[in-house]
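**Q** Dropping a structure here in structure tokens format, bear with me for questions.
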Amino acid sequence: MLVVKNLNFYYGKHHTLKNISLNIDSASLWALMGPNGGGKTTFFKCIMGFLKADSGSITVCDKDYKNITTKEIAKLISYVPQEHKPPFPFTVREIVLMGRSPYMNGVFGLKKEDYNAADEAMEKIGILDIAEKPVTSLSGGQRQLTLIARAIAQDTPVMILDEPTSALDFNNQINIWKILKEISSKGKLVIACSHDPNHILWFTDNTFAIKNGEIAAFGTTCNIITEDLLKEIYGSKYHIANVENKNIICPVI
Amino acid sequence: MIFNKIKADKRNLYIILLFLLLIITIFFAIISGNSGLSPYTVLKVIIYKTTGISFSDISPRDMAIVWNMRMPRVLMAILAGTALATAGALYQGCFRNPLVEPFILGASSGASFGAALAIVFPALFLPIHISAFIFALLAVIAAYMLSRHKGEINSVGLVLSGVIIGSVFSALVSIMKYLSEDTQLREITFWMMGGLYHASWSDIYVNAVIIVICFILSWILSWKLNLISIGDEEAKSLGINPDKYKTIFIITATLMTAVCVSTVGIIAWVGLMMPHAARLLTGPDNRYVIPLASLGGAVYLLICDTIARTLTMGEIPIGIITSIIGAPFLIWILRAKSGRLFL
């Protein structure tokens, strides 16, 4: 579904992405891990078309990025940003409806199907009861759920999330991962980057890691996340313990 | 889903109500004035002029007052209110800042300089409003070019370059004032305070064509303005090219502002206030903000202009009235309703 070949990107002289190639062909929940400044966000921005790669090719669902419009990308990939701070108090329903924009045509564009799709997405995520509330009055968790509902309403084969749980409390973090797992189980490719290797270990099917602009690991999560890889990526020593049949990563202090 | 429908209907209802209010205000504005015409006479003149049905008892004087003096002013107030309010909504969405007004990119200072130039150097053969229009456009283009970097428009940079260009033109206006004679100085000052007394039918035609086209375009693209207003990257991920649409919106807003400023001078507050008032009624969805703000702007300017020309025997510059009524309103919004307008 997502094929990247020899992707290079420079920020000025800094070689941020070095010859990245990967081929993700299964619609499942993928995690992207890696240290700060390693190139995760740059990679996402290239995939989203926010940044134009200096060389290499990106293909999503057999569509090459060479001659693709912003609107076509928006029909292939939906994006959930890390945090959303709208200057205007749009309601939850209006924000979710925005996910239907790539399908809009004509003068005012929004059709009845679009309103229905937005309501379905909100129902799926369980935020239909706050549909008329302005997003500026919501908690961080509810705002994140709103953005995920928007991505669902966008109805794309691929969904990308940039640290979806970074601003949330513990319970909300687990909730978001459960929701992502459910979305991916319905035949969507969901890629989320995260700084918590435990979450990756508990919830995701597959993982790839980017460090210093290069792919450091790629494959099934339970095979990939080892004490050695964690040391390689994050630098210090970690121990993987087994508590109640669940692997848990703790730092060696 | 039913709830959604009801809410949409309510917002449409606001538009209809405000439209009716505009019609009432128009009629009220035409019949008020110092020449003591009866509503019946005014009605007869309008019917005669629009449908051609003639009445024997209309005097040429009444005809001239209604059709050549009051009517252009009324229409110009409506057009200017629409232009400033729509431009305000467009700029606020583009800059993701609810406190932006149509003159943010230097259109007012540019227009003032153009007008001052034409007043001080009449030998240049440029009519005041054409000179004002040209320099208003020049100022915004300069601000826009200054902030454009590698094909991308940075909103903060754009506001900053607008401030810079604005202050340069303000300095140039001061030079013009310094060079001018007493009568010219008076004329410049009056021009800058704004007023609809110049409005003639030929101005109306030019303004109407530009403003109506720009307004319709803004309304058609209002959903895209919603997307632009939540941020560049999110807009892109939703299939919109932010730079392309920002450019379209800025051109549209600037054309409207420039043509209106060049005819009526600088009228403050309408462009800042009306989008806020509209958002209070319907929320920030620009599909409703744009029509409501422009209707509100039209009604507001029409009322202010009617006060300006009837309150005293002479004429009070309209900028004074709009500010005196507008400032308390904005203070009220900021203190009481800020939670519903922005963070």
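Labels for the structure tokens follow display order: chains A, B, ..., residues from 1 in each chain, ligands from 1.
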Pick out the residues sitting within 6 Å of segment 118-124 of chain A, and hand them over as a PyMOL selection string; count only C-alpha atoms, and ignore anything fewer than 3 positions along from it in its own chain.
**A** chain A and resi 96-97+115+127-128+149+152-153
**Q** Can you tell me which residues surround Ala116 of chain B at a distance of at most 10 Å, considering only C-alpha atoms, apart from same-chain residues fewer than 5 positions away, and format the answer as a ChimeraX atom specification?
**A** /B:110-111,121-122,128,131-132,172-177,180,184-185,187-189,191-192
**Q** Identify, on the basis of only C-alpha atoms, every residue whose closest approach to segment 216-233 of chain B does not exceed 6 Å; exclude the query and any residue fewer than 6 positions from it along the same chain; express the result as JSON, numbers by chain.
**A** {"A": [86, 107], "B": [93, 94, 96, 242, 286, 287]}
**Q** Using only all heavy atoms, please write the residues we just selected to a file, as a CSV table (one decimal), in the first residue's frame.
**A**
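Full text of out-v7.csv as output:
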```csv
chain,number,residue,atom,x,y,z
A,86,PRO,N,-7.2,25.5,16.8
A,86,PRO,CA,-7.9,26.3,15.9
A,86,PRO,C,-8.1,27.7,16.4
A,86,PRO,O,-8.5,27.9,17.6
A,86,PRO,CB,-9.3,25.6,15.7
A,86,PRO,CG,-9.5,24.9,16.9
A,86,PRO,CD,-8.1,24.6,17.5
A,107,VAL,N,-20.8,24.3,-5.9
A,107,VAL,CA,-20.7,25.6,-5.3
A,107,VAL,C,-20.6,25.4,-3.8
A,107,VAL,O,-19.6,25.8,-3.2
A,107,VAL,CB,-22.0,26.4,-5.6
A,107,VAL,CG1,-21.9,27.7,-4.8
A,107,VAL,CG2,-22.0,26.7,-7.1
B,93,GLY,N,-9.8,35.0,8.2
B,93,GLY,CA,-9.6,33.6,7.9
B,93,GLY,C,-8.2,33.2,7.4
B,93,GLY,O,-7.6,32.3,7.9
B,94,CYS,N,-7.7,34.0,6.5
B,94,CYS,CA,-6.4,33.8,5.9
B,94,CYS,C,-5.3,33.9,6.9
B,94,CYS,O,-4.4,33.1,6.9
B,94,CYS,CB,-6.1,34.8,4.8
B,94,CYS,SG,-6.9,34.3,3.2
B,96,ARG,N,-5.7,33.6,10.1
B,96,ARG,CA,-6.0,32.8,11.3
B,96,ARG,C,-6.0,33.7,12.5
B,96,ARG,O,-5.5,33.3,13.6
B,96,ARG,CB,-5.0,31.7,11.5
B,96,ARG,CG,-4.8,30.9,10.2
B,96,ARG,CD,-3.8,29.7,10.5
B,96,ARG,NE,-4.4,28.9,11.5
B,96,ARG,CZ,-3.7,28.1,12.3
B,96,ARG,NH1,-2.4,28.1,12.2
B,96,ARG,NH2,-4.2,27.4,13.2
B,242,PRO,N,-3.0,25.6,0.3
B,242,PRO,CA,-3.2,26.8,1.0
B,242,PRO,C,-2.7,28.1,0.3
B,242,PRO,O,-3.3,29.1,0.4
B,242,PRO,CB,-2.5,26.6,2.3
B,242,PRO,CG,-1.6,25.4,2.1
B,242,PRO,CD,-2.1,24.6,1.0
B,286,ASN,N,-17.6,29.9,7.8
B,286,ASN,CA,-17.7,31.1,6.9
B,286,ASN,C,-18.8,31.1,5.8
B,286,ASN,O,-19.1,32.1,5.2
B,286,ASN,CB,-16.3,31.2,6.2
B,286,ASN,CG,-15.3,31.8,7.1
B,286,ASN,OD1,-15.4,32.9,7.6
B,286,ASN,ND2,-14.2,31.0,7.4
B,287,ARG,N,-19.4,29.9,5.6
B,287,ARG,CA,-20.5,29.8,4.7
B,287,ARG,C,-21.6,30.7,5.2
B,287,ARG,O,-22.5,31.2,4.4
B,287,ARG,CB,-21.0,28.4,4.5
B,287,ARG,CG,-20.0,27.5,3.8
B,287,ARG,CD,-20.5,26.1,3.8
B,287,ARG,NE,-20.7,25.6,5.1
B,287,ARG,CZ,-21.4,24.5,5.4
B,287,ARG,NH1,-22.0,23.8,4.5
B,287,ARG,NH2,-21.5,24.1,6.7
```
**Q** Check the smallest atom-to-atom distance from each of A:Lys45, A:Lys231, A:Lys237, A:Lys71 to chain B using only C-alpha atoms, then report the winner.
**A**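 For chain B, the nearest of the given residues is A:Lys71.
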**Q** Would you please work out which residue, of B:Tyr300, B:Phe125, B:Trp201, B:Phe95, is nearest to chain A when using only C-alpha atoms?
**A**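 Of B:Tyr300, B:Phe125, B:Trp201, B:Phe95, the one nearest chain A, counting only C-alpha atoms, is B:Phe95.
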**Q** Nearest to Thr50 of chain B: which of B:Ser200, B:Trp67, B:Thr257, B:Pro284 is it, counting only C-alpha atoms?
**A**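 Using only C-alpha atoms, Thr50 of chain B sits closest to B:Trp67.
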**Q** Within 10 Å of chain B, which residues of chain A show up? Give each one with its shortest atom-to-atom distance in Å (one decimal) and the two atoms involved, counting only C-alpha atoms, rows by chain then rising residue number, as JSON lines.
**A**
```
{"residue": "A:Lys45", "atom": "CA", "partner": "B:Glu233", "partner_atom": "CA", "distance": 9.1}
{"residue": "A:Met48", "atom": "CA", "partner": "B:Ser237", "partner_atom": "CA", "distance": 6.8}
{"residue": "A:Gly49", "atom": "CA", "partner": "B:Lys236", "partner_atom": "CA", "distance": 8.1}
{"residue": "A:Phe50", "atom": "CA", "partner": "B:Glu233", "partner_atom": "CA", "distance": 6.7}
{"residue": "A:Thr69", "atom": "CA", "partner": "B:Gly239", "partner_atom": "CA", "distance": 8.1}
{"residue": "A:Thr70", "atom": "CA", "partner": "B:Gly239", "partner_atom": "CA", "distance": 4.9}
{"residue": "A:Lys71", "atom": "CA", "partner": "B:Gly239", "partner_atom": "CA", "distance": 3.8}
{"residue": "A:Glu72", "atom": "CA", "partner": "B:Gly239", "partner_atom": "CA", "distance": 7.1}
{"residue": "A:Ile73", "atom": "CA", "partner": "B:Gly239", "partner_atom": "CA", "distance": 6.9}
{"residue": "A:Ala74", "atom": "CA", "partner": "B:Gly239", "partner_atom": "CA", "distance": 4.8}
{"residue": "A:Lys75", "atom": "CA", "partner": "B:Gly239", "partner_atom": "CA", "distance": 7.7}
{"residue": "A:Leu76", "atom": "CA", "partner": "B:Ser237", "partner_atom": "CA", "distance": 9.9}
{"residue": "A:Ile77", "atom": "CA", "partner": "B:Ser237", "partner_atom": "CA", "distance": 7.7}
{"residue": "A:Ser78", "atom": "CA", "partner": "B:Ser237", "partner_atom": "CA", "distance": 6.4}
{"residue": "A:Tyr79", "atom": "CA", "partner": "B:Ser237", "partner_atom": "CA", "distance": 6.1}
{"residue": "A:Val80", "atom": "CA", "partner": "B:Glu234", "partner_atom": "CA", "distance": 8.4}
{"residue": "A:Pro81", "atom": "CA", "partner": "B:Glu234", "partner_atom": "CA", "distance": 7.5}
{"residue": "A:His84", "atom": "CA", "partner": "B:Ile230", "partner_atom": "CA", "distance": 8.2}
{"residue": "A:Lys85", "atom": "CA", "partner": "B:Ile230", "partner_atom": "CA", "distance": 7.8}
{"residue": "A:Pro86", "atom": "CA", "partner": "B:Ile230", "partner_atom": "CA", "distance": 5.3}
{"residue": "A:Pro87", "atom": "CA", "partner": "B:Phe342", "partner_atom": "CA", "distance": 5.7}
{"residue": "A:Phe88", "atom": "CA", "partner": "B:Phe342", "partner_atom": "CA", "distance": 5.3}
{"residue": "A:Pro89", "atom": "CA", "partner": "B:Phe342", "partner_atom": "CA", "distance": 6.0}
{"residue": "A:Phe90", "atom": "CA", "partner": "B:Pro284", "partner_atom": "CA", "distance": 5.7}
{"residue": "A:Thr91", "atom": "CA", "partner": "B:Gly283", "partner_atom": "CA", "distance": 8.0}
{"residue": "A:Arg93", "atom": "CA", "partner": "B:Asn4", "partner_atom": "CA", "distance": 9.0}
{"residue": "A:Glu94", "atom": "CA", "partner": "B:Asp285", "partner_atom": "CA", "distance": 7.7}
{"residue": "A:Ile95", "atom": "CA", "partner": "B:Leu227", "partner_atom": "CA", "distance": 9.1}
{"residue": "A:Met98", "atom": "CA", "partner": "B:Leu227", "partner_atom": "CA", "distance": 7.1}
{"residue": "A:Gly99", "atom": "CA", "partner": "B:Leu238", "partner_atom": "CA", "distance": 6.3}
{"residue": "A:Arg100", "atom": "CA", "partner": "B:Leu238", "partner_atom": "CA", "distance": 8.0}
{"residue": "A:Ser101", "atom": "CA", "partner": "B:Leu238", "partner_atom": "CA", "distance": 6.2}
{"residue": "A:Pro102", "atom": "CA", "partner": "B:Gly239", "partner_atom": "CA", "distance": 5.3}
{"residue": "A:Tyr103", "atom": "CA", "partner": "B:Gly239", "partner_atom": "CA", "distance": 9.1}
{"residue": "A:Met104", "atom": "CA", "partner": "B:Trp223", "partner_atom": "CA", "distance": 9.8}
{"residue": "A:Gly106", "atom": "CA", "partner": "B:Ile220", "partner_atom": "CA", "distance": 8.8}
{"residue": "A:Val107", "atom": "CA", "partner": "B:Ile220", "partner_atom": "CA", "distance": 5.5}
{"residue": "A:Phe108", "atom": "CA", "partner": "B:Ile220", "partner_atom": "CA", "distance": 6.4}
{"residue": "A:Gly109", "atom": "CA", "partner": "B:Trp223", "partner_atom": "CA", "distance": 8.5}
{"residue": "A:Leu110", "atom": "CA", "partner": "B:Trp223", "partner_atom": "CA", "distance": 9.1}
{"residue": "A:Lys112", "atom": "CA", "partner": "B:Met1", "partner_atom": "CA", "distance": 9.7}
{"residue": "A:Tyr115", "atom": "CA", "partner": "B:Met1", "partner_atom": "CA", "distance": 7.7}
{"residue": "A:Asn116", "atom": "CA", "partner": "B:Met1", "partner_atom": "CA", "distance": 7.4}
{"residue": "A:Ala118", "atom": "CA", "partner": "B:Met1", "partner_atom": "CA", "distance": 10.0}
{"residue": "A:Asp119", "atom": "CA", "partner": "B:Met1", "partner_atom": "CA", "distance": 7.4}
{"residue": "A:Ala131", "atom": "CA", "partner": "B:Asn4", "partner_atom": "CA", "distance": 9.5}
{"residue": "A:Glu132", "atom": "CA", "partner": "B:Asn4", "partner_atom": "CA", "distance": 8.8}
{"residue": "A:Pro134", "atom": "CA", "partner": "B:Arg340", "partner_atom": "CA", "distance": 8.0}
{"residue": "A:Val135", "atom": "CA", "partner": "B:Leu343", "partner_atom": "CA", "distance": 9.6}
{"residue": "A:Thr136", "atom": "CA", "partner": "B:Leu343", "partner_atom": "CA", "distance": 6.0}
{"residue": "A:Ser137", "atom": "CA", "partner": "B:Leu343", "partner_atom": "CA", "distance": 8.0}
{"residue": "A:Arg150", "atom": "CA", "partner": "B:Leu238", "partner_atom": "CA", "distance": 9.7}
{"residue": "A:Ala151", "atom": "CA", "partner": "B:Leu238", "partner_atom": "CA", "distance": 9.2}
{"residue": "A:Gln154", "atom": "CA", "partner": "B:Leu238", "partner_atom": "CA", "distance": 8.1}
```
**Q** Please indicate the distance in Å from atom CA of Gly194 of chain B to atom CA of Val264 of chain B, rounded to one decimal place.
**A**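 Separating atom CA of Gly194 of chain B from atom CA of Val264 of chain B is a distance of 5.5 Å.
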**Q** Hey, what does DSSP flag as helix (DSSP H, G or I) within segment 93-180 of chain B? Can you give it to me as a ChimeraX atom specification?
**A** /B:93-94,107-120,122-124,128-147,155-179
**Q** Could you tell me, as a PyMOL selection string, which residues of segment 56-292 of chain B DSSP assigns to strand (DSSP E or B) when given the backbone?
**A** chain B and resi 148-149+152-153
**Q** For the residues in that selection, give me C-alpha atoms as a compact mmCIF listing (two decimals), in the first residue's frame.
**A**
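Heads up, here's the output in out07.txt:
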```
# COMPACT_ATOMS: atom_id res chain seq x y z
CA ARG B 148 6.52 35.86 -0.33
CA HIS B 149 9.43 33.54 0.07
CA GLU B 152 5.14 30.32 0.21
CA ILE B 153 3.29 32.98 2.15
```
**Q** Do you know which residues are at most 8 Å from Phe203 of chain A counting only C-alpha atoms, after dropping those on the same chain fewer than 5 positions away, and could you put them as a list of chain:residue names?
**A**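 The filter keeps A:Trp177, A:Lys178, A:Lys181.
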